[in-house]
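Down below is the structure, laid out as structure tokens.
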Amino acid sequence: MRLIEAEGDIAEGVAHLAAVCPVWARVLPELGPLPLRRREDGFGALMSAIVSQQISVAAAASISARLAAAGLDRPDAIAAAEDAALRACGLSGQKVRYLRALTGADIDFAALRQMPDEEVSATLTALPGIGRWTAEMYLIFALGRADAFAPDDLALQESARIMYGLPERPRGKALAELARPWAPWRAVAARGLWAYYHHAKGREGVT
């Protein structure tokens, strides 16, 4: 199981992409070093993913800061808190329910580190509020899986459309097919596509 743990891993993935695809070979030098963007795995990473769903990066950061200031960023604290206290930090009622489900799930986060990608996804998506995209973000950024990818991510789709000069945005299956030659470094390709999206659109493509 190949992991992305340091800049050297990113560099190896970049070299692979440039070798297998002339489009990547042309684009990558324009992007500069791709970010590592690793996060600590565990409850906090999934909590952050839930908080960030369908809101801006700035709004998610503000809510996360309020939760931390209120001491509501740990499973025991969330379980003991009133809904009103969580909503006062900016969470919707739906996200309060999702966080309560997460705190009650008793996930073995250490065991996730040893599971294949699909088993991790199956474990996480069994929880309310954790969809395939959120599980893929956990695989890419918290577990550092080198070949994890998120073909349904709209920013990745739009970036691929622009980068490859496609007539329309490639949807999930089409983008997954386009990405097949990028294996076993599709998580590096995702970082490259998000960087290219930022370069092309002038704004962040992922939280």
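All residue names refer to the structure tokens as shown: chains lettered A, B, ... in order, residues numbered from 1 in each chain, ligands numbered from 1 in order.
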Review point. Can you tell me, as a PyMOL selection string, what residues are no more than 9 Å from Leu112 (chain A) when counting only C-alpha atoms, ignoring any on the same chain fewer than 6 positions away?
Key: chain A and resi 119-120+123+143
Using only C-alpha atoms, determine which residues lie at most 12 Å from Ala11 (chain A), disregarding the query and same-chain residues fewer than 6 positions distant; provide the list as a compact mmCIF listing (two decimals) with N, CA, C and O atoms, in the first residue's frame.
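Output file out_5.txt follows:
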```txt
# COMPACT_ATOMS: atom_id res chain seq x y z
N ILE A 4 1.51 8.63 0.57
CA ILE A 4 2.14 9.93 0.35
C ILE A 4 2.39 10.53 1.72
O ILE A 4 1.47 10.92 2.43
N GLU A 5 3.65 10.57 2.10
CA GLU A 5 4.02 11.03 3.44
C GLU A 5 4.97 12.21 3.43
O GLU A 5 5.14 12.87 4.46
N LEU A 17 3.44 11.04 -13.68
CA LEU A 17 2.42 11.70 -14.51
C LEU A 17 3.03 12.30 -15.77
O LEU A 17 2.47 12.19 -16.86
N ALA A 18 4.17 12.95 -15.60
CA ALA A 18 4.83 13.56 -16.76
C ALA A 18 5.28 12.51 -17.76
O ALA A 18 5.29 12.77 -18.98
N LEU A 28 2.56 20.51 -15.62
CA LEU A 28 3.15 20.44 -14.28
C LEU A 28 4.21 21.51 -14.00
O LEU A 28 4.22 22.09 -12.91
N PRO A 29 5.12 21.82 -14.95
CA PRO A 29 6.10 22.87 -14.65
C PRO A 29 5.47 24.23 -14.36
O PRO A 29 6.05 25.04 -13.62
N GLY A 32 4.38 24.51 -10.41
CA GLY A 32 5.31 24.53 -9.29
C GLY A 32 5.12 23.31 -8.40
O GLY A 32 4.34 22.40 -8.72
N PRO A 33 5.79 23.27 -7.25
CA PRO A 33 5.67 22.11 -6.36
C PRO A 33 4.22 21.92 -5.88
O PRO A 33 3.58 22.87 -5.44
N LEU A 34 3.73 20.71 -6.00
CA LEU A 34 2.38 20.42 -5.53
C LEU A 34 2.38 20.26 -4.01
O LEU A 34 3.34 19.76 -3.44
N PRO A 35 1.31 20.68 -3.35
CA PRO A 35 1.29 20.64 -1.89
C PRO A 35 1.13 19.23 -1.35
O PRO A 35 0.46 18.39 -1.95
N LEU A 36 1.73 18.98 -0.19
CA LEU A 36 1.59 17.70 0.48
C LEU A 36 0.18 17.55 1.06
O LEU A 36 -0.47 16.53 0.88
N ALA A 146 -1.83 6.86 -1.96
CA ALA A 146 -1.23 7.44 -3.17
C ALA A 146 -2.12 7.33 -4.39
O ALA A 146 -2.01 8.13 -5.33
N TRP A 185 -0.57 6.76 -8.94
CA TRP A 185 -0.36 8.07 -8.31
C TRP A 185 -1.54 9.01 -8.56
O TRP A 185 -1.36 10.20 -8.77
N VAL A 188 -1.78 12.13 -6.41
CA VAL A 188 -0.92 13.24 -6.85
C VAL A 188 -1.58 13.96 -8.03
O VAL A 188 -1.56 15.19 -8.11
N ALA A 189 -2.20 13.21 -8.93
CA ALA A 189 -2.94 13.83 -10.03
C ALA A 189 -4.07 14.71 -9.50
O ALA A 189 -4.32 15.79 -10.03
N ARG A 191 -4.11 16.31 -6.67
CA ARG A 191 -3.47 17.55 -6.20
C ARG A 191 -3.11 18.45 -7.38
O ARG A 191 -3.26 19.68 -7.31
N GLY A 192 -2.63 17.84 -8.46
CA GLY A 192 -2.29 18.62 -9.64
C GLY A 192 -3.51 19.26 -10.28
O GLY A 192 -3.47 20.42 -10.70
```
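Distance check against Gly90 (chain A) using only C-alpha atoms: of A:Asp76, A:Pro116, A:Val51, A:Gly104, the minimum falls on A:Val51.
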Exercise for review: Please provide the set of residues having any atom within 7 Å of region 166-183 of chain A, restricted to only C-alpha atoms, with same-chain residues fewer than 6 positions apart removed, written as a ChimeraX atom specification.
Suggested key: /A:17,20,147,151-152,157-158,189
Review point. Got a sec to tell me which of region 38-89 of chain A DSSP assigns to alpha helix (DSSP H), as a ChimeraX atom specification?
Key: /A:43-52,57-69,75-80,83-88
Exercise for review: Have a look at A:Ala111, A:Ala79, A:Leu99, A:Leu154 and name the one nearest to Gly129 (chain A); count only C-alpha atoms.
Suggested key: A:Leu99
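Each of A:Ile55, A:Leu46, A:Ala61, A:Leu91 was compared to Phe109 (chain A) using only C-alpha atoms, and A:Leu46 turns out to be the nearest.
With only C-alpha atoms as the basis for measurement, A:Ala6 is the residue among A:Leu193, A:Ala6, A:Ala69, A:Leu156 that approaches Arg37 (chain A) most closely.
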Practice item. One decimal, Å: what's the distance from CA of Arg100 (chain A) over to CA of Ser121 (chain A), could you say? Key: 19.5 Å
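Counting only C-alpha atoms, the residue from A:Arg145, A:Trp24, A:Ser56, A:Gly165 that sits nearest to Pro184 (chain A) is A:Arg145.
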Exercise for review: Identify, on the basis of only C-alpha atoms, every residue whose closest approach to Ala105 (chain A) does not exceed 10 Å; exclude the query and any residue fewer than 6 positions from it along the same chain; express the result as a VMD selection string.
Suggested key: chain A and resid 99 124 126 to 127
Check your understanding: Using only C-alpha atoms, which of the listed residues (A:Gly71, A:Met47, A:Ile130, A:Leu86) sits closest to Thr103 (chain A)?
Key -> A:Met47
Review point. Hey, what's within 9 Å of Ser62 (chain A) if we count only C-alpha atoms and toss same-chain stuff fewer than 5 positions away? As a ChimeraX atom specification, please?
Key: /A:57,67,89-90
